[in-house]
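Structure data follow from coords-v3.txt (compact mmCIF, N, CA and C atoms):
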# COMPACT_ATOMS: atom_id res chain seq x y z
N MET A 1 9.76 -7.97 -14.04
CA MET A 1 9.22 -6.92 -13.22
C MET A 1 8.92 -5.69 -14.09
N ALA A 2 7.81 -5.11 -13.83
CA ALA A 2 7.43 -3.92 -14.57
C ALA A 2 8.22 -2.73 -14.07
N LYS A 3 8.46 -1.79 -14.95
CA LYS A 3 9.15 -0.56 -14.60
C LYS A 3 8.10 0.46 -14.20
N TRP A 4 8.31 1.17 -13.11
CA TRP A 4 7.38 2.20 -12.70
C TRP A 4 8.15 3.42 -12.25
N VAL A 5 7.47 4.53 -12.20
CA VAL A 5 8.14 5.80 -11.96
C VAL A 5 7.51 6.49 -10.76
N LEU A 6 8.33 7.07 -9.93
CA LEU A 6 7.86 7.86 -8.81
C LEU A 6 8.31 9.30 -9.01
N LEU A 7 7.43 10.22 -8.69
CA LEU A 7 7.81 11.63 -8.69
C LEU A 7 8.40 11.92 -7.33
N GLY A 8 9.70 12.01 -7.24
CA GLY A 8 10.38 12.19 -5.97
C GLY A 8 10.58 13.65 -5.62
N ALA A 9 11.00 13.86 -4.41
CA ALA A 9 11.23 15.22 -3.94
C ALA A 9 12.33 15.91 -4.74
N LEU A 10 13.24 15.11 -5.31
CA LEU A 10 14.35 15.69 -6.07
C LEU A 10 14.19 15.47 -7.57
N GLY A 11 13.00 15.22 -8.04
CA GLY A 11 12.78 15.00 -9.47
C GLY A 11 12.33 13.58 -9.74
N LEU A 12 12.31 13.21 -11.00
CA LEU A 12 11.86 11.88 -11.39
C LEU A 12 12.97 10.86 -11.18
N SER A 13 12.60 9.70 -10.69
CA SER A 13 13.54 8.60 -10.58
C SER A 13 12.86 7.33 -11.04
N SER A 14 13.57 6.49 -11.73
CA SER A 14 13.01 5.24 -12.23
C SER A 14 13.36 4.13 -11.25
N VAL A 15 12.38 3.33 -10.90
CA VAL A 15 12.56 2.28 -9.90
C VAL A 15 11.95 1.00 -10.43
N SER A 16 12.65 -0.12 -10.26
CA SER A 16 12.07 -1.41 -10.61
C SER A 16 11.31 -1.94 -9.42
N GLY A 17 10.15 -2.51 -9.66
CA GLY A 17 9.40 -3.06 -8.54
C GLY A 17 8.09 -3.65 -8.98
N PHE A 18 7.37 -4.20 -8.03
CA PHE A 18 6.10 -4.86 -8.34
C PHE A 18 4.93 -3.94 -8.11
N MET A 19 5.12 -2.84 -7.40
CA MET A 19 3.99 -2.01 -7.01
C MET A 19 3.48 -1.18 -8.17
N PRO A 20 2.18 -1.03 -8.28
CA PRO A 20 1.60 -0.17 -9.30
C PRO A 20 1.67 1.27 -8.81
N SER A 21 1.24 2.18 -9.65
CA SER A 21 1.09 3.55 -9.19
C SER A 21 -0.01 3.56 -8.16
N LEU A 22 0.19 4.29 -7.09
CA LEU A 22 -0.79 4.30 -6.02
C LEU A 22 -1.35 5.68 -5.79
N GLY A 23 -1.41 6.49 -6.82
CA GLY A 23 -2.02 7.80 -6.82
C GLY A 23 -2.10 8.50 -5.48
N GLY A 24 -1.04 9.13 -5.04
CA GLY A 24 -1.07 9.91 -3.82
C GLY A 24 -0.57 9.18 -2.59
N LEU A 25 -0.27 7.89 -2.69
CA LEU A 25 0.25 7.15 -1.55
C LEU A 25 1.77 7.12 -1.67
N ALA A 26 2.45 7.52 -0.64
CA ALA A 26 3.91 7.52 -0.67
C ALA A 26 4.42 6.12 -0.40
N THR A 27 5.57 5.80 -0.95
CA THR A 27 6.17 4.50 -0.74
C THR A 27 7.41 4.62 0.12
N HIS A 28 7.69 3.59 0.91
CA HIS A 28 8.80 3.54 1.86
C HIS A 28 10.11 3.98 1.24
N GLY A 29 10.79 4.86 1.93
CA GLY A 29 12.14 5.23 1.55
C GLY A 29 12.23 6.12 0.33
N GLN A 30 11.14 6.49 -0.27
CA GLN A 30 11.20 7.27 -1.48
C GLN A 30 10.94 8.75 -1.24
N GLY A 31 10.23 9.11 -0.16
CA GLY A 31 9.85 10.49 0.06
C GLY A 31 9.09 11.01 -1.14
N ALA A 32 8.27 10.17 -1.73
CA ALA A 32 7.64 10.49 -3.00
C ALA A 32 6.19 10.06 -3.00
N ARG A 33 5.48 10.50 -4.01
CA ARG A 33 4.10 10.10 -4.21
C ARG A 33 4.08 9.06 -5.32
N GLY A 34 3.20 8.05 -5.19
CA GLY A 34 3.13 6.99 -6.18
C GLY A 34 2.25 7.36 -7.35
N LEU A 35 2.83 8.01 -8.34
CA LEU A 35 2.11 8.40 -9.55
C LEU A 35 2.93 7.99 -10.77
N ARG A 36 2.27 7.67 -11.86
CA ARG A 36 3.00 7.48 -13.11
C ARG A 36 3.46 8.84 -13.59
N ALA A 37 4.44 8.87 -14.44
CA ALA A 37 4.96 10.14 -14.94
C ALA A 37 3.88 10.98 -15.60
N ASP A 38 2.88 10.34 -16.22
CA ASP A 38 1.81 11.09 -16.88
C ASP A 38 0.68 11.44 -15.91
N GLY A 39 0.83 11.09 -14.61
CA GLY A 39 -0.15 11.44 -13.60
C GLY A 39 -1.34 10.50 -13.51
N ALA A 40 -1.42 9.50 -14.39
CA ALA A 40 -2.55 8.58 -14.38
C ALA A 40 -2.37 7.50 -13.32
N LEU A 41 -3.48 6.97 -12.85
CA LEU A 41 -3.44 5.85 -11.93
C LEU A 41 -3.29 4.56 -12.71
N SER A 42 -2.57 3.63 -12.16
CA SER A 42 -2.41 2.33 -12.77
C SER A 42 -2.88 1.28 -11.78
N LEU A 43 -3.90 0.53 -12.11
CA LEU A 43 -4.45 -0.47 -11.20
C LEU A 43 -4.11 -1.87 -11.69
N ARG A 44 -3.78 -2.77 -10.75
CA ARG A 44 -3.45 -4.15 -11.08
C ARG A 44 -4.71 -4.98 -11.17
N ALA A 45 -4.61 -6.04 -11.92
CA ALA A 45 -5.68 -7.04 -11.92
C ALA A 45 -5.62 -7.76 -10.57
N SER A 46 -6.74 -8.27 -10.10
CA SER A 46 -6.75 -8.92 -8.80
C SER A 46 -5.82 -10.13 -8.74
N SER A 47 -5.50 -10.73 -9.89
CA SER A 47 -4.56 -11.84 -9.90
C SER A 47 -3.16 -11.39 -9.51
N ASP A 48 -2.90 -10.10 -9.58
CA ASP A 48 -1.61 -9.54 -9.19
C ASP A 48 -1.66 -8.95 -7.79
N ALA A 49 -2.72 -9.22 -7.06
CA ALA A 49 -2.85 -8.70 -5.70
C ALA A 49 -1.70 -9.22 -4.85
N PRO A 50 -1.29 -8.46 -3.84
CA PRO A 50 -0.21 -8.95 -2.99
C PRO A 50 -0.62 -10.22 -2.25
N GLU A 51 0.38 -11.01 -1.91
CA GLU A 51 0.13 -12.23 -1.14
C GLU A 51 -0.30 -11.88 0.28
N LYS A 52 0.34 -10.84 0.83
CA LYS A 52 0.05 -10.46 2.21
C LYS A 52 0.28 -8.96 2.38
N VAL A 53 -0.52 -8.35 3.26
CA VAL A 53 -0.28 -6.98 3.70
C VAL A 53 -0.19 -7.00 5.22
N VAL A 54 0.68 -6.16 5.75
CA VAL A 54 0.85 -6.05 7.20
C VAL A 54 0.52 -4.60 7.56
N VAL A 55 -0.57 -4.42 8.27
CA VAL A 55 -1.06 -3.09 8.62
C VAL A 55 -0.52 -2.70 9.99
N CYS A 56 0.08 -1.51 10.07
CA CYS A 56 0.60 -1.02 11.34
C CYS A 56 -0.56 -0.55 12.21
N THR A 57 -0.59 -1.05 13.44
CA THR A 57 -1.60 -0.61 14.41
C THR A 57 -0.91 -0.03 15.65
N GLY A 58 0.32 0.45 15.46
CA GLY A 58 1.04 1.11 16.55
C GLY A 58 0.34 2.41 16.92
N PRO A 59 0.78 3.07 17.99
CA PRO A 59 0.07 4.24 18.49
C PRO A 59 -0.10 5.37 17.47
N THR A 60 0.95 5.74 16.77
CA THR A 60 0.84 6.85 15.82
C THR A 60 -0.02 6.47 14.64
N CYS A 61 0.22 5.30 14.05
CA CYS A 61 -0.58 4.88 12.90
C CYS A 61 -2.05 4.70 13.29
N SER A 62 -2.30 4.20 14.48
CA SER A 62 -3.69 4.05 14.93
C SER A 62 -4.37 5.40 15.04
N GLN A 63 -3.68 6.38 15.61
CA GLN A 63 -4.26 7.72 15.71
C GLN A 63 -4.53 8.33 14.35
N LYS A 64 -3.72 7.96 13.36
CA LYS A 64 -3.86 8.51 12.02
C LYS A 64 -4.81 7.71 11.13
N GLY A 65 -5.37 6.62 11.65
CA GLY A 65 -6.36 5.86 10.89
C GLY A 65 -5.98 4.43 10.57
N GLY A 66 -4.96 3.89 11.21
CA GLY A 66 -4.51 2.53 10.93
C GLY A 66 -5.56 1.46 11.20
N LYS A 67 -6.33 1.64 12.27
CA LYS A 67 -7.36 0.64 12.59
C LYS A 67 -8.49 0.68 11.56
N THR A 68 -8.79 1.86 11.06
CA THR A 68 -9.80 1.97 10.00
C THR A 68 -9.29 1.32 8.72
N ALA A 69 -8.03 1.57 8.39
CA ALA A 69 -7.43 0.94 7.21
C ALA A 69 -7.48 -0.58 7.35
N LYS A 70 -7.19 -1.08 8.55
CA LYS A 70 -7.25 -2.53 8.79
C LYS A 70 -8.64 -3.07 8.52
N LYS A 71 -9.67 -2.34 8.94
CA LYS A 71 -11.05 -2.78 8.67
C LYS A 71 -11.31 -2.87 7.16
N PHE A 72 -10.81 -1.88 6.41
CA PHE A 72 -10.99 -1.90 4.96
C PHE A 72 -10.25 -3.09 4.34
N PHE A 73 -9.02 -3.36 4.80
CA PHE A 73 -8.29 -4.52 4.30
C PHE A 73 -9.03 -5.81 4.64
N ASP A 74 -9.55 -5.92 5.88
CA ASP A 74 -10.29 -7.11 6.27
C ASP A 74 -11.51 -7.33 5.38
N GLU A 75 -12.12 -6.25 4.96
CA GLU A 75 -13.30 -6.34 4.10
C GLU A 75 -12.95 -6.71 2.66
N LEU A 76 -11.90 -6.11 2.11
CA LEU A 76 -11.60 -6.25 0.69
C LEU A 76 -10.58 -7.35 0.35
N ALA A 77 -9.63 -7.61 1.23
CA ALA A 77 -8.54 -8.55 0.91
C ALA A 77 -9.01 -9.96 0.58
N PRO A 78 -10.01 -10.50 1.28
CA PRO A 78 -10.44 -11.86 0.95
C PRO A 78 -10.96 -12.00 -0.49
N THR A 79 -11.45 -10.93 -1.07
CA THR A 79 -11.98 -11.00 -2.43
C THR A 79 -10.88 -11.21 -3.47
N VAL A 80 -9.61 -10.93 -3.10
CA VAL A 80 -8.50 -11.13 -4.03
C VAL A 80 -7.47 -12.12 -3.50
N GLY A 81 -7.80 -12.76 -2.37
CA GLY A 81 -6.92 -13.79 -1.82
C GLY A 81 -5.69 -13.26 -1.09
N THR A 82 -5.76 -12.07 -0.56
CA THR A 82 -4.64 -11.48 0.17
C THR A 82 -4.83 -11.69 1.67
N THR A 83 -3.77 -12.11 2.34
CA THR A 83 -3.78 -12.29 3.79
C THR A 83 -3.50 -10.94 4.46
N VAL A 84 -4.20 -10.66 5.55
CA VAL A 84 -4.02 -9.41 6.30
C VAL A 84 -3.48 -9.73 7.69
N GLU A 85 -2.39 -9.08 8.04
CA GLU A 85 -1.82 -9.21 9.38
C GLU A 85 -1.63 -7.82 9.96
N THR A 86 -1.37 -7.75 11.26
CA THR A 86 -1.07 -6.48 11.90
C THR A 86 0.25 -6.58 12.64
N ILE A 87 0.83 -5.42 12.90
CA ILE A 87 2.04 -5.31 13.69
C ILE A 87 1.99 -3.96 14.38
N LYS A 88 2.62 -3.85 15.52
CA LYS A 88 2.56 -2.59 16.26
C LYS A 88 3.40 -1.49 15.61
N CYS A 89 4.39 -1.83 14.80
CA CYS A 89 5.15 -0.80 14.08
C CYS A 89 5.90 -1.45 12.93
N VAL A 90 5.48 -1.17 11.69
CA VAL A 90 6.13 -1.79 10.53
C VAL A 90 7.46 -1.16 10.19
N SER A 91 7.69 0.07 10.63
CA SER A 91 8.91 0.76 10.23
C SER A 91 9.82 1.10 11.41
N GLU A 92 9.52 0.54 12.57
CA GLU A 92 10.30 0.80 13.78
C GLU A 92 10.49 2.30 13.99
N CYS A 93 9.40 3.03 13.87
CA CYS A 93 9.30 4.46 14.14
C CYS A 93 9.97 5.38 13.12
N ALA A 94 10.56 4.84 12.09
CA ALA A 94 11.20 5.69 11.10
C ALA A 94 10.18 6.45 10.24
N GLU A 95 8.98 5.90 10.10
CA GLU A 95 7.99 6.52 9.23
C GLU A 95 6.65 6.74 9.89
N CYS A 96 6.61 6.71 11.19
CA CYS A 96 5.33 6.82 11.90
C CYS A 96 4.56 8.08 11.52
N GLY A 97 5.26 9.18 11.34
CA GLY A 97 4.59 10.43 11.00
C GLY A 97 3.95 10.41 9.63
N LEU A 98 4.29 9.42 8.80
CA LEU A 98 3.74 9.31 7.45
C LEU A 98 2.57 8.33 7.39
N GLY A 99 2.21 7.75 8.51
CA GLY A 99 1.20 6.70 8.56
C GLY A 99 -0.21 7.19 8.31
N PRO A 100 -1.10 6.23 8.30
CA PRO A 100 -0.93 4.81 8.57
C PRO A 100 -0.08 4.12 7.50
N ASN A 101 0.73 3.18 7.96
CA ASN A 101 1.66 2.48 7.08
C ASN A 101 1.26 1.03 6.89
N VAL A 102 1.52 0.53 5.68
CA VAL A 102 1.19 -0.85 5.33
C VAL A 102 2.37 -1.45 4.58
N GLU A 103 2.85 -2.59 5.07
CA GLU A 103 3.91 -3.33 4.39
C GLU A 103 3.25 -4.27 3.39
N VAL A 104 3.76 -4.30 2.16
CA VAL A 104 3.14 -5.08 1.10
C VAL A 104 4.08 -6.18 0.62
N HIS A 105 3.62 -7.42 0.71
CA HIS A 105 4.39 -8.58 0.27
C HIS A 105 3.83 -9.08 -1.06
N ALA A 106 4.57 -8.90 -2.12
CA ALA A 106 4.14 -9.40 -3.43
C ALA A 106 4.20 -10.92 -3.43
N LYS A 107 3.39 -11.53 -4.27
CA LYS A 107 3.42 -12.99 -4.40
C LYS A 107 4.81 -13.41 -4.85
N GLY A 108 5.38 -14.37 -4.14
CA GLY A 108 6.70 -14.89 -4.49
C GLY A 108 7.87 -14.04 -4.03
N ALA A 109 7.61 -12.88 -3.44
CA ALA A 109 8.70 -12.01 -2.98
C ALA A 109 9.34 -12.62 -1.74
N GLU A 110 10.65 -12.44 -1.63
CA GLU A 110 11.37 -12.93 -0.47
C GLU A 110 11.94 -11.75 0.28
N GLY A 111 11.77 -11.74 1.60
CA GLY A 111 12.23 -10.63 2.44
C GLY A 111 13.73 -10.62 2.60
N PRO A 112 14.20 -9.95 3.58
CA PRO A 112 13.45 -9.53 4.75
C PRO A 112 12.78 -8.16 4.61
N PHE A 113 13.11 -7.41 3.56
CA PHE A 113 12.55 -6.06 3.44
C PHE A 113 11.50 -6.01 2.35
N TYR A 114 10.36 -5.43 2.69
CA TYR A 114 9.25 -5.29 1.75
C TYR A 114 8.87 -3.82 1.68
N PRO A 115 8.29 -3.39 0.56
CA PRO A 115 7.88 -1.98 0.45
C PRO A 115 6.83 -1.62 1.51
N ILE A 116 6.94 -0.42 2.02
CA ILE A 116 5.96 0.11 2.96
C ILE A 116 5.25 1.27 2.28
N ILE A 117 3.93 1.20 2.25
CA ILE A 117 3.12 2.26 1.67
C ILE A 117 2.62 3.14 2.81
N ASN A 118 2.81 4.43 2.67
CA ASN A 118 2.43 5.39 3.70
C ASN A 118 1.08 6.02 3.40
N ASN A 119 0.45 6.56 4.44
CA ASN A 119 -0.76 7.38 4.30
C ASN A 119 -1.94 6.60 3.73
N VAL A 120 -2.09 5.35 4.16
CA VAL A 120 -3.19 4.50 3.70
C VAL A 120 -4.37 4.74 4.64
N LYS A 121 -5.34 5.52 4.19
CA LYS A 121 -6.43 5.95 5.07
C LYS A 121 -7.82 5.57 4.58
N THR A 122 -8.00 5.49 3.28
CA THR A 122 -9.36 5.33 2.75
C THR A 122 -9.56 3.95 2.12
N LYS A 123 -10.80 3.64 1.89
CA LYS A 123 -11.14 2.39 1.20
C LYS A 123 -10.56 2.39 -0.21
N GLU A 124 -10.52 3.56 -0.82
CA GLU A 124 -9.94 3.69 -2.15
C GLU A 124 -8.44 3.39 -2.12
N ASP A 125 -7.73 3.88 -1.09
CA ASP A 125 -6.30 3.59 -0.94
C ASP A 125 -6.07 2.08 -0.85
N VAL A 126 -6.89 1.43 -0.04
CA VAL A 126 -6.78 -0.02 0.16
C VAL A 126 -7.06 -0.75 -1.16
N ALA A 127 -8.07 -0.32 -1.88
CA ALA A 127 -8.40 -0.95 -3.16
C ALA A 127 -7.22 -0.85 -4.13
N LYS A 128 -6.58 0.31 -4.18
CA LYS A 128 -5.43 0.48 -5.08
C LYS A 128 -4.31 -0.49 -4.74
N ILE A 129 -4.03 -0.65 -3.46
CA ILE A 129 -2.97 -1.58 -3.05
C ILE A 129 -3.33 -3.01 -3.41
N LEU A 130 -4.60 -3.36 -3.29
CA LEU A 130 -5.05 -4.72 -3.58
C LEU A 130 -5.31 -4.97 -5.07
N GLY A 131 -5.22 -3.93 -5.87
CA GLY A 131 -5.46 -4.08 -7.31
C GLY A 131 -6.92 -4.19 -7.68
N ILE A 132 -7.78 -3.67 -6.83
CA ILE A 132 -9.22 -3.68 -7.08
C ILE A 132 -9.59 -2.34 -7.71
N PRO A 133 -10.28 -2.32 -8.84
CA PRO A 133 -10.67 -1.04 -9.42
C PRO A 133 -11.45 -0.19 -8.41
N VAL A 134 -11.03 1.03 -8.25
CA VAL A 134 -11.62 1.94 -7.25
C VAL A 134 -13.12 2.07 -7.46
N GLU A 135 -13.56 2.05 -8.70
CA GLU A 135 -15.00 2.19 -9.00
C GLU A 135 -15.81 1.10 -8.31
N GLU A 136 -15.20 -0.05 -8.09
CA GLU A 136 -15.92 -1.17 -7.46
C GLU A 136 -16.15 -0.96 -5.96
N VAL A 137 -15.34 -0.11 -5.33
CA VAL A 137 -15.48 0.08 -3.88
C VAL A 137 -16.07 1.42 -3.50
N VAL A 138 -16.13 2.36 -4.43
CA VAL A 138 -16.63 3.70 -4.11
C VAL A 138 -18.08 3.63 -3.66
N GLU A 139 -18.89 2.89 -4.37
CA GLU A 139 -20.31 2.80 -4.07
C GLU A 139 -20.62 1.73 -3.02
N ALA A 140 -19.69 0.77 -2.86
CA ALA A 140 -19.93 -0.36 -1.96
C ALA A 140 -19.98 0.05 -0.51
Re-express the file's structure as structure tokens.
Amino acid sequence: MAKWVLLGALGLSSVSGFMPSLGGLATHGQGARGLRADGALSLRASSDAPEKVVVCTGPTCSQKGGKTAKKFFDELAPTVGTTVETIKCVSECAECGLGPNVEVHAKGAEGPFYPIINNVKTKEDVAKILGIPVEEVVEA
């Protein structure tokens, strides 16, 4: 597993995990933004795309853009072989205010708990989660 760093509310903390830096997207339970320590974005190759993403379409996440995020996942996920599912609440209301939220299942990962990415609103956010270079979706 690659080592990655999150800039947390209480300073830097080192965390082991599969997720790349997600430039501005907060990750579940961290109260942090997904940035490398040097502030650069880190994008995965599509072969490292998650096996599955679960997009929250509950009331709060939907109001904040969850259904739009789902459309972006439906458009982009097939290009990297990622399955897209929905659920009415991925965090059982613990993180609704941070939504739209997306649970990310890495290939080969075993649950029951998977990272939840908060504030997934744009096509660029979706591309970062799927490991697609943002430049490929900006003009598309």
If I take atom N of Gly108 in chain A and CA of Asp48 in chain A, how far is one from the other in Å, to one decimal?
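CA of Asp48 in chain A lies at a distance of 9.9 Å from atom N of Gly108 in chain A.
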Please compute the atom C of Pro78 in chain A-atom N of Thr60 in chain A distance, one decimal, in Å.
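Pair atom C of Pro78 in chain A / atom N of Thr60 in chain A returns 27.5 Å.
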Of the listed residues A:Gly58, A:Gly131, A:Pro112, A:Gly65, that which approaches Lys88 in chain A most closely, counting only C-alpha atoms:
A:Gly58
Excluding Thr86 in chain A and residues on its chain fewer than 5 positions from it, collect all residues at most 6.5 Å away from it, counting only N, CA and C atoms, and give them as an NGL selection string.
:A and (53-57)
What does the distance from CA of Gly97 in chain A to CA of Glu51 in chain A come to in Å, to one decimal?
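Taking CA of Gly97 in chain A as the start and CA of Glu51 in chain A as the end point, the length is 26.1 Å.
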Exercise: range 79-81 of chain A partners within 6.5 Å, only N, CA and C atoms, chain neighbours under 2 positions left out, as a ChimeraX atom specification
/A:46,49-51,75-77,83
Writer output for current selection, N, CA and C atoms, as a short mmCIF file (atom, residue, chain, number, x, y, z; two decimals), keeping the file's coordinate frame:
data_model
loop_
_atom_site.label_atom_id
_atom_site.label_comp_id
_atom_site.auth_asym_id
_atom_site.auth_seq_id
_atom_site.Cartn_x
_atom_site.Cartn_y
_atom_site.Cartn_z
N SER A 46 -6.74 -8.27 -10.10
CA SER A 46 -6.75 -8.92 -8.80
C SER A 46 -5.82 -10.13 -8.74
N ALA A 49 -2.72 -9.22 -7.06
CA ALA A 49 -2.85 -8.70 -5.70
C ALA A 49 -1.70 -9.22 -4.85
N PRO A 50 -1.29 -8.46 -3.84
CA PRO A 50 -0.21 -8.95 -2.99
C PRO A 50 -0.62 -10.22 -2.25
N GLU A 51 0.38 -11.01 -1.91
CA GLU A 51 0.13 -12.23 -1.14
C GLU A 51 -0.30 -11.88 0.28
N GLU A 75 -12.12 -6.25 4.96
CA GLU A 75 -13.30 -6.34 4.10
C GLU A 75 -12.95 -6.71 2.66
N LEU A 76 -11.90 -6.11 2.11
CA LEU A 76 -11.60 -6.25 0.69
C LEU A 76 -10.58 -7.35 0.35
N ALA A 77 -9.63 -7.61 1.23
CA ALA A 77 -8.54 -8.55 0.91
C ALA A 77 -9.01 -9.96 0.58
N THR A 83 -3.77 -12.11 2.34
CA THR A 83 -3.78 -12.29 3.79
C THR A 83 -3.50 -10.94 4.46
#
Nearest to Ala94 in chain A among A:Val134, A:Cys61, A:Lys107, A:Asp125, with distances taken over only C-alpha atoms: which residue is it?
A:Cys61
Proximity to Pro59 in chain A - best of A:Cys96, A:Tyr114, A:Lys71, A:Thr82, all atoms listed in the file:
A:Cys96
Taking only N, CA and C atoms into account, which of A:Val120, A:Leu130, A:Cys89, A:Val138 comes nearest Ala69 in chain A?
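Among A:Val120, A:Leu130, A:Cys89, A:Val138, it is A:Val120 that comes nearest to Ala69 in chain A.
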